[in-house]
>>> print(open('protein03.pdb').read())   # PDB, C-alpha atoms
ATOM      1  CA  MET A   1      40.067 -94.211  33.214
ATOM      2  CA  GLU A   2      42.360 -96.303  31.043
ATOM      3  CA  ALA A   3      44.866 -98.437  32.964
ATOM      4  CA  PHE A   4      48.481 -97.486  32.316
ATOM      5  CA  GLN A   5      51.206-100.092  32.564
ATOM      6  CA  ARG A   6      53.500 -99.928  29.553
ATOM      7  CA  LEU A   7      53.479 -97.705  26.494
ATOM      8  CA  ASP A   8      55.573 -97.679  23.339
ATOM      9  CA  ALA A   9      54.514 -94.748  21.189
ATOM     10  CA  VAL A  10      55.410 -91.904  18.861
ATOM     11  CA  ALA A  11      56.759 -88.924  20.782
ATOM     12  CA  LEU A  12      55.825 -85.301  20.094
ATOM     13  CA  PRO A  13      58.619 -82.782  20.750
ATOM     14  CA  VAL A  14      57.552 -79.493  22.316
ATOM     15  CA  PRO A  15      60.890 -77.655  22.533
ATOM     16  CA  ARG A  16      59.649 -74.650  24.477
ATOM     17  CA  ALA A  17      59.713 -73.845  28.180
ATOM     18  CA  ASN A  18      56.702 -72.550  30.103
ATOM     19  CA  VAL A  19      53.961 -74.002  27.895
ATOM     20  CA  ASP A  20      50.945 -72.860  29.883
ATOM     21  CA  THR A  21      47.491 -74.314  30.254
ATOM     22  CA  ASP A  22      45.942 -71.579  28.108
ATOM     23  CA  GLN A  23      48.084 -72.719  25.189
ATOM     24  CA  ILE A  24      47.146 -76.345  25.871
ATOM     25  CA  VAL A  25      43.418 -75.530  25.925
ATOM     26  CA  PRO A  26      42.154 -71.951  25.423
ATOM     27  CA  ALA A  27      39.926 -70.453  28.114
ATOM     28  CA  ARG A  28      36.856 -70.227  25.865
ATOM     29  CA  TYR A  29      36.462 -74.010  26.067
ATOM     30  CA  LEU A  30      36.333 -74.175  29.855
ATOM     31  CA  GLN A  31      32.528 -74.106  29.928
ATOM     32  CA  LYS A  32      32.273 -77.249  27.810
ATOM     33  CA  PRO A  33      31.027 -80.408  29.577
ATOM     34  CA  ARG A  34      33.505 -83.179  30.339
ATOM     35  CA  SER A  35      31.576 -85.393  27.922
ATOM     36  CA  ASP A  36      32.933 -83.301  25.026
ATOM     37  CA  ASP A  37      35.980 -84.531  23.133
ATOM     38  CA  PHE A  38      38.534 -82.141  24.594
ATOM     39  CA  GLY A  39      41.119 -83.590  22.232
ATOM     40  CA  ALA A  40      39.568 -81.377  19.562
ATOM     41  CA  TYR A  41      40.561 -78.336  21.649
ATOM     42  CA  LEU A  42      44.173 -79.389  22.296
ATOM     43  CA  PHE A  43      46.540 -76.564  21.270
ATOM     44  CA  ARG A  44      43.508 -75.204  19.408
ATOM     45  CA  ASP A  45      44.860 -71.737  18.664
ATOM     46  CA  LEU A  46      48.176 -73.177  17.502
ATOM     47  CA  ARG A  47      46.767 -76.105  15.509
ATOM     48  CA  PHE A  48      44.069 -74.202  13.639
ATOM     49  CA  ALA A  49      43.574 -70.875  11.881
ATOM     50  CA  LYS A  50      40.597 -68.672  12.708
ATOM     51  CA  ASP A  51      38.651 -70.163   9.785
ATOM     52  CA  GLY A  52      39.078 -73.658  11.281
ATOM     53  CA  SER A  53      41.668 -74.864   8.775
ATOM     54  CA  GLU A  54      44.760 -76.669  10.028
ATOM     55  CA  ASN A  55      47.980 -74.757  10.481
ATOM     56  CA  PRO A  56      50.453 -76.921   8.528
ATOM     57  CA  GLN A  57      53.379 -75.388  10.410
ATOM     58  CA  PHE A  58      52.187 -76.681  13.774
ATOM     59  CA  ILE A  59      53.994 -79.880  14.605
ATOM     60  CA  LEU A  60      50.937 -81.887  15.664
ATOM     61  CA  ASN A  61      49.496 -81.387  12.166
ATOM     62  CA  GLN A  62      52.527 -83.003  10.556
ATOM     63  CA  ALA A  63      52.006 -86.627   9.565
ATOM     64  CA  PRO A  64      54.776 -88.312  11.594
ATOM     65  CA  TYR A  65      53.537 -86.716  14.825
ATOM     66  CA  ARG A  66      49.756 -87.063  14.490
ATOM     67  CA  PRO A  67      49.633 -90.426  16.318
ATOM     68  CA  ALA A  68      51.785 -89.180  19.213
ATOM     69  CA  ARG A  69      50.837 -90.495  22.657
ATOM     70  CA  ILE A  70      53.894 -89.144  24.480
ATOM     71  CA  VAL A  71      54.926 -85.489  24.744
ATOM     72  CA  VAL A  72      58.531 -84.464  25.404
ATOM     73  CA  ALA A  73      58.676 -80.870  26.601
ATOM     74  CA  GLN A  74      60.978 -78.376  28.226
ATOM     75  CA  ARG A  75      60.765 -77.127  31.800
ATOM     76  CA  ASN A  76      57.623 -75.880  33.566
ATOM     77  CA  PHE A  77      55.148 -77.605  31.253
ATOM     78  CA  GLY A  78      51.540 -76.941  32.236
ATOM     79  CA  CYS A  79      52.201 -73.740  34.175
ATOM     80  CA  GLY A  80      49.599 -71.005  34.480
ATOM     81  CA  SER A  81      45.991 -71.401  35.571
ATOM     82  CA  SER A  82      44.809 -74.507  37.370
ATOM     83  CA  ARG A  83      42.373 -75.703  34.699
ATOM     84  CA  GLU A  84      41.928 -79.480  34.726
ATOM     85  CA  HIS A  85      40.735 -79.137  31.142
ATOM     86  CA  ALA A  86      44.349 -78.985  29.930
ATOM     87  CA  VAL A  87      44.874 -82.546  31.117
ATOM     88  CA  TRP A  88      41.548 -83.605  29.589
ATOM     89  CA  ALA A  89      42.624 -82.185  26.224
ATOM     90  CA  LEU A  90      45.871 -84.160  26.214
ATOM     91  CA  TYR A  91      44.165 -87.315  27.467
ATOM     92  CA  ASP A  92      41.284 -87.133  24.993
ATOM     93  CA  TYR A  93      43.704 -86.615  22.116
ATOM     94  CA  GLY A  94      45.402 -89.849  23.160
ATOM     95  CA  VAL A  95      48.449 -88.598  25.066
ATOM     96  CA  ARG A  96      49.221 -90.803  28.063
ATOM     97  CA  ALA A  97      52.592 -89.452  29.233
ATOM     98  CA  VAL A  98      54.425 -86.130  29.277
ATOM     99  CA  ILE A  99      58.174 -86.034  29.895
ATOM    100  CA  ALA A 100      59.751 -82.776  31.069
ATOM    101  CA  PRO A 101      62.351 -81.473  33.521
ATOM    102  CA  SER A 102      59.574 -79.842  35.580
ATOM    103  CA  PHE A 103      55.838 -79.158  35.558
ATOM    104  CA  GLY A 104      53.378 -76.648  36.889
ATOM    105  CA  ASP A 105      52.448 -78.022  40.323
ATOM    106  CA  ILE A 106      48.682 -78.102  39.807
ATOM    107  CA  PHE A 107      48.996 -79.529  36.299
ATOM    108  CA  PHE A 108      51.210 -82.292  37.704
ATOM    109  CA  SER A 109      48.626 -83.175  40.347
ATOM    110  CA  ASN A 110      45.704 -82.988  37.891
ATOM    111  CA  SER A 111      47.547 -85.273  35.484
ATOM    112  CA  LEU A 112      47.943 -88.070  38.013
ATOM    113  CA  LYS A 113      44.265 -87.809  38.971
ATOM    114  CA  ASN A 114      43.129 -88.092  35.337
ATOM    115  CA  GLY A 115      45.201 -90.931  33.915
ATOM    116  CA  LEU A 116      48.047 -88.878  32.433
ATOM    117  CA  LEU A 117      51.552 -89.778  33.635
ATOM    118  CA  PRO A 118      53.870 -86.753  34.154
ATOM    119  CA  ILE A 119      57.503 -87.900  34.143
ATOM    120  CA  VAL A 120      60.265 -85.714  35.523
ATOM    121  CA  LEU A 121      63.720 -86.403  34.090
ATOM    122  CA  PRO A 122      66.942 -84.362  34.306
ATOM    123  CA  GLU A 123      67.151 -81.429  31.928
ATOM    124  CA  ASP A 124      70.054 -82.893  29.951
ATOM    125  CA  THR A 125      68.193 -86.190  29.518
ATOM    126  CA  VAL A 126      65.104 -84.379  28.246
ATOM    127  CA  ALA A 127      67.262 -82.301  25.894
ATOM    128  CA  SER A 128      68.700 -85.513  24.472
ATOM    129  CA  LEU A 129      65.211 -86.978  24.000
ATOM    130  CA  LEU A 130      64.022 -83.797  22.292
ATOM    131  CA  GLN A 131      66.970 -83.862  19.948
ATOM    132  CA  ALA A 132      66.334 -87.512  19.070
ATOM    133  CA  VAL A 133      62.626 -87.144  18.301
ATOM    134  CA  GLN A 134      63.180 -83.945  16.318
ATOM    135  CA  ALA A 135      65.977 -85.507  14.271
ATOM    136  CA  ALA A 136      63.842 -88.522  13.337
ATOM    137  CA  PRO A 137      60.133 -87.578  13.166
ATOM    138  CA  GLY A 138      57.966 -90.489  14.222
ATOM    139  CA  SER A 139      60.549 -91.793  16.694
ATOM    140  CA  ARG A 140      59.109 -93.898  19.495
ATOM    141  CA  ILE A 141      59.754 -93.790  23.220
ATOM    142  CA  GLY A 142      58.921 -96.515  25.697
ATOM    143  CA  VAL A 143      57.422 -95.836  29.113
ATOM    144  CA  ASP A 144      57.203 -98.662  31.640
ATOM    145  CA  LEU A 145      55.299 -97.626  34.738
ATOM    146  CA  VAL A 146      55.840-101.015  36.378
ATOM    147  CA  SER A 147      59.635-100.625  36.358
ATOM    148  CA  GLN A 148      59.476 -96.796  36.298
ATOM    149  CA  THR A 149      61.729 -96.463  33.279
ATOM    150  CA  VAL A 150      61.744 -94.492  30.035
ATOM    151  CA  THR A 151      63.417 -96.071  27.005
ATOM    152  CA  ALA A 152      64.818 -93.548  24.550
ATOM    153  CA  PRO A 153      64.883 -94.088  20.759
ATOM    154  CA  ASP A 154      68.538 -95.165  21.056
ATOM    155  CA  GLY A 155      67.629 -97.848  23.603
ATOM    156  CA  SER A 156      69.049 -96.082  26.651
ATOM    157  CA  GLN A 157      66.923 -96.321  29.789
ATOM    158  CA  HIS A 158      66.188 -93.640  32.348
ATOM    159  CA  ALA A 159      64.543 -94.162  35.744
ATOM    160  CA  PHE A 160      61.817 -91.876  37.042
ATOM    161  CA  GLN A 161      59.957 -91.495  40.323
ATOM    162  CA  VAL A 162      56.230 -91.689  40.998
ATOM    163  CA  ASP A 163      54.486 -91.812  44.338
ATOM    164  CA  PRO A 164      53.126 -95.279  45.252
ATOM    165  CA  PHE A 165      49.454 -94.265  45.508
ATOM    166  CA  SER A 166      49.419 -92.575  42.092
ATOM    167  CA  LYS A 167      51.259 -95.534  40.596
ATOM    168  CA  LYS A 168      48.689 -97.973  41.976
ATOM    169  CA  CYS A 169      45.790 -95.911  40.628
ATOM    170  CA  LEU A 170      47.360 -95.568  37.177
ATOM    171  CA  LEU A 171      48.256 -99.255  36.951
ATOM    172  CA  GLU A 172      44.705-100.241  37.841
ATOM    173  CA  GLY A 173      42.938 -97.497  35.894
ATOM    174  CA  MET A 174      41.343 -95.985  38.997
ATOM    175  CA  ASP A 175      40.750 -92.395  39.981
ATOM    176  CA  GLU A 176      40.483 -91.330  43.620
ATOM    177  CA  LEU A 177      36.734 -91.999  43.725
ATOM    178  CA  ASP A 178      37.205 -95.482  42.266
ATOM    179  CA  TYR A 179      39.831 -96.164  44.925
ATOM    180  CA  THR A 180      37.523 -94.948  47.688
ATOM    181  CA  LEU A 181      34.793 -97.282  46.442
ATOM    182  CA  THR A 182      37.148-100.255  46.819
ATOM    183  CA  LEU A 183      37.179 -99.465  50.535
ATOM    184  CA  GLY A 184      33.400 -99.707  50.844
ATOM    185  CA  GLU A 185      33.377-102.582  53.309
ATOM    186  CA  ARG A 186      35.987-100.965  55.538
ATOM    187  CA  ILE A 187      34.050 -97.688  55.481
ATOM    188  CA  ALA A 188      30.829 -99.523  56.346
ATOM    189  CA  GLU A 189      32.579-101.298  59.229
ATOM    190  CA  PHE A 190      33.892 -97.978  60.534
ATOM    191  CA  GLU A 191      30.361 -96.535  60.402
ATOM    192  CA  ARG A 192      28.991 -99.558  62.300
ATOM    193  CA  ARG A 193      31.598 -99.152  65.055
ATOM    194  CA  HIS A 194      30.985 -95.408  65.183
ATOM    195  CA  ASP A 195      27.219 -95.877  65.499
ATOM    196  CA  ALA A 196      27.712 -98.484  68.227
ATOM    197  CA  SER A 197      30.035 -96.280  70.250
ATOM    198  CA  ALA A 198      27.625 -93.337  69.957
ATOM    199  CA  ALA A 199      24.642 -95.363  71.173
TER     200      ALA A 199
END
>>> encode(input="protein03.pdb", output="structure tokens")
Amino acid sequence: MEAFQRLDAVALPVPRANVDTDQIVPARYLQKPRSDDFGAYLFRDLRFAKDGSENPQFILNQAPYRPARIVVAQRNFGCGSSREHAVWALYDYGVRAVIAPSFGDIFFSNSLKNGLLPIVLPEDTVASLLQAVQAAPGSRIGVDLVSQTVTAPDGSQHAFQVDPFSKKCLLEGMDELDYTLTLGERIAEFERRHDASAA
């Protein structure tokens, strides 16, 4: 997992509420192995026609937004089914942060476990960010996980919250298994004491 500390990147506006996980990655791709590039499946039915050609009307196919690594969305982003694949699709495409007023609960949890930072900001703040990145395609937003701030295109800063454990894992590029492995000696010591007390 890629460590996340600071990011300054093009932002992709998604000015719709209730973008669900089936829109983010269609169900027919759920049997694919994790080793696949799930970025190719991101918004697949919106990005591409049935013949595989790009839909030029879809925003991610427009030149200023192609390199986007931050998504700015409306409320309840990632609602719907619990598929972890939706996070994989965003991550594999290159997205590292999603800013919205609210998220689907399971999507929010899956994001933190897979290196994607979900940032909750007030609805009016998100509306302002959406307006800015739509008005000037290719606009950049800064995300600083260390200071827990978002810097808008106009330079204004907005604080966000993240739980300490998730922050530590993101900063160090660790998932929960990686973190558990760092405790190997303490686990071994616990097992030694347990074995001794059971003898």
>>> residues_around(input="protein03.pdb", residues="region 29-42 of chain A", least_positions_apart="6", cutoff="8 Å", atoms="all atoms listed in the file", output="ChimeraX atom specification")
/A:83,85-86,88-94
>>> write_last_selection(input="protein03.pdb", atoms="C-alpha atoms", output="short mmCIF file (atom, residue, chain, number, x, y, z; two decimals), keeping the file's coordinate frame")
data_model
loop_
_atom_site.label_atom_id
_atom_site.label_comp_id
_atom_site.auth_asym_id
_atom_site.auth_seq_id
_atom_site.Cartn_x
_atom_site.Cartn_y
_atom_site.Cartn_z
CA ARG A 83 42.37 -75.70 34.70
CA HIS A 85 40.74 -79.14 31.14
CA ALA A 86 44.35 -78.98 29.93
CA TRP A 88 41.55 -83.60 29.59
CA ALA A 89 42.62 -82.18 26.22
CA LEU A 90 45.87 -84.16 26.21
CA TYR A 91 44.16 -87.32 27.47
CA ASP A 92 41.28 -87.13 24.99
CA TYR A 93 43.70 -86.62 22.12
CA GLY A 94 45.40 -89.85 23.16
#
>>> resolve_selection(input="protein03.pdb", expression="the PyMOL selection byres ((chain A and resi 76-79) around 12)", output="VMD selection string")
chain A and resid 14 to 25 71 to 75 80 to 87 89 to 90 98 to 111 118 to 120 123
>>> residues_around(input="protein03.pdb", residues="Ala152 (chain A)", least_positions_apart="6", cutoff="12 Å", atoms="all atoms listed in the file", output="JSON, numbers by chain")
{"A": [8, 9, 10, 11, 70, 72, 99, 121, 125, 126, 127, 128, 129, 130, 131, 132, 133, 139, 140, 141, 142, 143, 144, 158, 159]}
>>> atom_distance(input="protein03.pdb", atom1="CA of Leu60 (chain A)", atom2="CA of Asp45 (chain A)")
12.2 Å
>>> atom_distance(input="protein03.pdb", atom1="CA of Gln148 (chain A)", atom2="CA of Ala136 (chain A)")
24.8 Å
>>> axis_aligned_box(input="protein03.pdb", around="region 149-168 of chain A", padding_each_side="8 Å", output="JSON")
{"center_x": 58.9, "center_y": -94.7, "center_z": 33.1, "size_x": 36.4, "size_y": 22.5, "size_z": 40.7}
